[in-house]
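Structure, as structure tokens:
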Amino acid sequence: MNEPNQPISDGSAGHVPVLFREVIEALRPSRGQVYVDLTAGRGGHAAEVARTIAPTGLPVLFDLDAGNLAYACERVARAGARTPIGVHGSFASVGRELDSRGLQADAVLADLGFASTQVDDPSRGLSFMREGPLDMRLDPSSGMTAAELLASASERDLADLVTRYGEEPLARRIAAKIVASRAVAPIKTTAQLADLVREAYGSRAHASRMHPATKTFQALRIAVNDEMGALDALLDSIQRAAQRTHDGRPSWLAPGARIAIIGFHSLEDRLVKQAFATMRKSGLASEILSGAVVATEAESAANPRARSAKLRAVMVDGPSKV
């Protein structure tokens, strides 16, 4: 039997949800609600929420990874709520998907990280710690791979990309190294790219607190999956839906809906912080948490992935009485 606000034990999940207790406390799910998990992953957060909203509540799960989505839906179905609705696609389409089904969300979660199972699978090309093809797509069934991006982008575009999405001070040197190398042979594996970045760092690689390739891999992953574009679209959809709720018009967000978003780097967190601040100033939402909530020392020690996580949450205000 699991204690309240503790992850449901599932050794096969291969992924530990971050800020688990804090997310449940922010969302405060209750029986009969509609819960929307925009990044279901392996279903860690969703399984607990489904257990709380059971038996009449409805989980709606989104994910770009079809394999993880199927796993999460099966796991959540065992939690006792109504059969979950699974949507294989970007969370940017949440408004359209819920409107088409006549649903209003009471609780919404977006964990902007990716599942450990994806990182640990060399074939996905997400980690410089494991050699594999330079893919990096969160949806392996569509889109350009990281290898294709490296092969086609200009040196200037590569430098701009690594600067913008990786905040890498040596971006121009790294881009030049990539372009010089690809002129000799295609860059196809994670190991090749990691070695090139290390070479671009030169002696600075030894003094770097993190692996030299960390920021470059982050930048490529963000670009390949258009992560910032999708987040922009999601936040815009949330703001527009909150305005409709505030005005008493049909909306995919119910009055009092609680929205929680976990970001893992400054680019994500900055967008979420700004969007939520705008909603509060416009009278569309109230802050649930006091600023960003981060992992405890104990969680960070047990799950290093949680160290960079920041949780922000707001509650959508109901129709104006003015």
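Note on naming: chains are A, B, ... as they come in the structure tokens, residues start from 1 per chain, ligands start from 1 in the order shown.
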
Pick out the residues sitting within 12 Å of Gly263 in chain A, and hand them over as a PyMOL selection string; count only C-alpha atoms, and ignore anything fewer than 2 positions along from it in its own chain. chain A and resi 18-19+39+109-114+227-228+231+260-261+265-273+292-294+305-313

Which residues in range 137-273 of chain A does DSSP call helix (DSSP H, G or I)? List them as a ChimeraX atom specification. /A:146-152,155-166,171-182,190-201,204-207,214-224,227-246,266-273

Figure out the distance between CA of Ala105 in chain A and CA of Leu253 in chain A, please, to one decimal in Å.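 Taking CA of Leu253 in chain A and CA of Ala105 in chain A, their separation equals 5.0 Å.
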
Contacts of range 82-88 of chain A at 10 Å or less, counting only C-alpha atoms, minus same-chain residues fewer than 6 places along, as JSON, numbers by chain? {"A": [32, 34, 35, 36, 37, 38, 40, 46, 50, 53, 54, 55, 56, 57, 58, 59, 60, 61, 62, 63, 64, 65, 66, 67, 68, 69, 70, 72, 73, 74, 75, 76, 94, 97, 139]}

Writer output for current selection, N, CA and C atoms, as a short mmCIF file (atom, residue, chain, number, x, y, z; two decimals), in the first residue's frame:
data_model
loop_
_atom_site.label_atom_id
_atom_site.label_comp_id
_atom_site.auth_asym_id
_atom_site.auth_seq_id
_atom_site.Cartn_x
_atom_site.Cartn_y
_atom_site.Cartn_z
N GLY A 32 -13.91 12.70 -9.55
CA GLY A 32 -14.78 13.13 -10.64
C GLY A 32 -14.19 14.18 -11.57
N VAL A 34 -11.65 16.10 -14.40
CA VAL A 34 -10.95 15.81 -15.65
C VAL A 34 -9.50 16.26 -15.46
N TYR A 35 -8.59 15.30 -15.57
CA TYR A 35 -7.16 15.59 -15.40
C TYR A 35 -6.47 15.46 -16.75
N VAL A 36 -5.69 16.48 -17.12
CA VAL A 36 -4.98 16.47 -18.40
C VAL A 36 -3.48 16.47 -18.13
N ASP A 37 -2.82 15.39 -18.52
CA ASP A 37 -1.37 15.30 -18.40
C ASP A 37 -0.79 15.51 -19.78
N LEU A 38 -0.15 16.65 -19.97
CA LEU A 38 0.32 17.05 -21.30
C LEU A 38 1.59 16.36 -21.73
N ALA A 40 2.67 12.79 -20.58
CA ALA A 40 2.40 11.63 -19.72
C ALA A 40 3.65 10.82 -19.39
N ALA A 46 0.50 10.80 -13.47
CA ALA A 46 -0.87 10.52 -13.89
C ALA A 46 -1.51 9.37 -13.12
N ALA A 50 -4.95 9.79 -11.17
CA ALA A 50 -6.08 8.94 -11.57
C ALA A 50 -6.66 8.20 -10.37
N ILE A 53 -8.86 10.79 -8.54
CA ILE A 53 -10.10 11.23 -9.18
C ILE A 53 -11.06 10.07 -9.46
N ALA A 54 -10.61 8.83 -9.19
CA ALA A 54 -11.44 7.65 -9.40
C ALA A 54 -12.68 7.70 -8.48
N PRO A 55 -13.74 6.99 -8.87
CA PRO A 55 -13.89 6.18 -10.09
C PRO A 55 -14.50 6.93 -11.27
N THR A 56 -14.98 8.15 -11.03
CA THR A 56 -15.70 8.85 -12.09
C THR A 56 -14.85 9.86 -12.85
N GLY A 57 -13.65 10.14 -12.36
CA GLY A 57 -12.79 11.11 -13.03
C GLY A 57 -12.23 10.58 -14.34
N LEU A 58 -11.82 11.51 -15.20
CA LEU A 58 -11.32 11.13 -16.53
C LEU A 58 -9.91 11.65 -16.74
N PRO A 59 -8.92 10.76 -16.94
CA PRO A 59 -7.57 11.20 -17.30
C PRO A 59 -7.43 11.34 -18.83
N VAL A 60 -6.81 12.42 -19.25
CA VAL A 60 -6.50 12.63 -20.66
C VAL A 60 -4.98 12.78 -20.76
N LEU A 61 -4.36 11.89 -21.51
CA LEU A 61 -2.90 11.83 -21.56
C LEU A 61 -2.37 12.18 -22.94
N PHE A 62 -1.39 13.09 -22.97
CA PHE A 62 -0.71 13.47 -24.21
C PHE A 62 0.74 12.99 -24.15
N ASP A 63 1.30 12.59 -25.28
CA ASP A 63 2.73 12.36 -25.37
C ASP A 63 3.13 12.22 -26.83
N LEU A 64 4.35 12.70 -27.14
CA LEU A 64 4.88 12.57 -28.49
C LEU A 64 5.41 11.17 -28.76
N ASP A 65 5.76 10.46 -27.70
CA ASP A 65 6.32 9.12 -27.80
C ASP A 65 5.19 8.09 -27.72
N ALA A 66 4.90 7.44 -28.83
CA ALA A 66 3.77 6.50 -28.87
C ALA A 66 3.95 5.34 -27.90
N GLY A 67 5.18 4.86 -27.75
CA GLY A 67 5.44 3.75 -26.83
C GLY A 67 5.19 4.14 -25.39
N ASN A 68 5.68 5.29 -24.98
CA ASN A 68 5.45 5.76 -23.62
C ASN A 68 3.97 6.06 -23.38
N LEU A 69 3.30 6.61 -24.39
CA LEU A 69 1.88 6.91 -24.23
C LEU A 69 1.07 5.65 -23.99
N ALA A 70 1.35 4.61 -24.76
CA ALA A 70 0.63 3.33 -24.58
C ALA A 70 0.90 2.76 -23.19
N ALA A 72 1.79 4.46 -20.48
CA ALA A 72 1.15 5.31 -19.47
C ALA A 72 -0.36 5.06 -19.41
N CYS A 73 -0.98 4.92 -20.57
CA CYS A 73 -2.44 4.67 -20.59
C CYS A 73 -2.78 3.36 -19.89
N GLU A 74 -1.97 2.34 -20.15
CA GLU A 74 -2.21 1.05 -19.50
C GLU A 74 -2.01 1.15 -18.00
N ARG A 75 -0.97 1.85 -17.59
CA ARG A 75 -0.68 2.01 -16.17
C ARG A 75 -1.78 2.82 -15.47
N VAL A 76 -2.20 3.89 -16.10
CA VAL A 76 -3.23 4.75 -15.51
C VAL A 76 -4.57 4.03 -15.45
N VAL A 94 -3.73 20.89 -27.26
CA VAL A 94 -4.64 20.54 -26.17
C VAL A 94 -6.00 21.21 -26.30
N GLU A 97 -8.04 19.44 -29.01
CA GLU A 97 -8.39 18.07 -28.63
C GLU A 97 -9.49 18.05 -27.57
N ASP A 139 9.39 12.14 -30.92
CA ASP A 139 8.49 11.31 -31.71
C ASP A 139 9.31 10.71 -32.84
#

Selection: 8 Å around Asn225 in chain A, only C-alpha atoms, excl. self and same-chain fewer than 6 positions, as a ChimeraX atom specification: /A:136-138,143

Those in range 55-222 of chain A with strand (DSSP E) from DSSP, as a count of residues only: 17

Do you know which residues are at most 6 Å from Pro319 in chain A counting only C-alpha atoms, after dropping those on the same chain fewer than 5 positions away, and could you put them as a PyMOL selection string? chain A and resi 245-248

Can you spit out the residues from that selection as a PDB file, in the first residue's frame, using C-alpha atoms?
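Contents of result.pdb, as written:
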ATOM      1  CA  THR A 245     -13.261  31.185 -18.758  1.00  0.00           C
ATOM      2  CA  HIS A 246     -12.955  34.608 -17.156  1.00  0.00           C
ATOM      3  CA  ASP A 247     -15.477  36.004 -19.658  1.00  0.00           C
ATOM      4  CA  GLY A 248     -17.929  33.156 -19.023  1.00  0.00           C
TER       5      GLY A 248
END

Expressed in Å to a single decimal, how great is the separation between CA of Gly318 in chain A and CA of Gly256 in chain A?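 Going from CA of Gly318 in chain A over to CA of Gly256 in chain A covers 6.1 Å.
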
Can you list, as a ChimeraX atom specification, every protein, DNA or RNA residue that comes within 12 Å of Gly95 in chain A when you count only C-alpha atoms, leaving out same-chain residues fewer than 4 positions away? /A:36,38,90-91,99-105,108,233-242,244,250-253

Ranking A:Arg156, A:Gly41, A:Ala151, A:Leu161 by minimum distance to Ile187 in chain A and counting only C-alpha atoms, which one comes first?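 Among the listed residues, the smallest separation from Ile187 in chain A belongs to A:Ala151.
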
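Nearest residue to Pro304 in chain A, choosing from A:Tyr201, A:Phe264, A:Tyr165, A:Tyr71 and counting only C-alpha atoms: A:Phe264.
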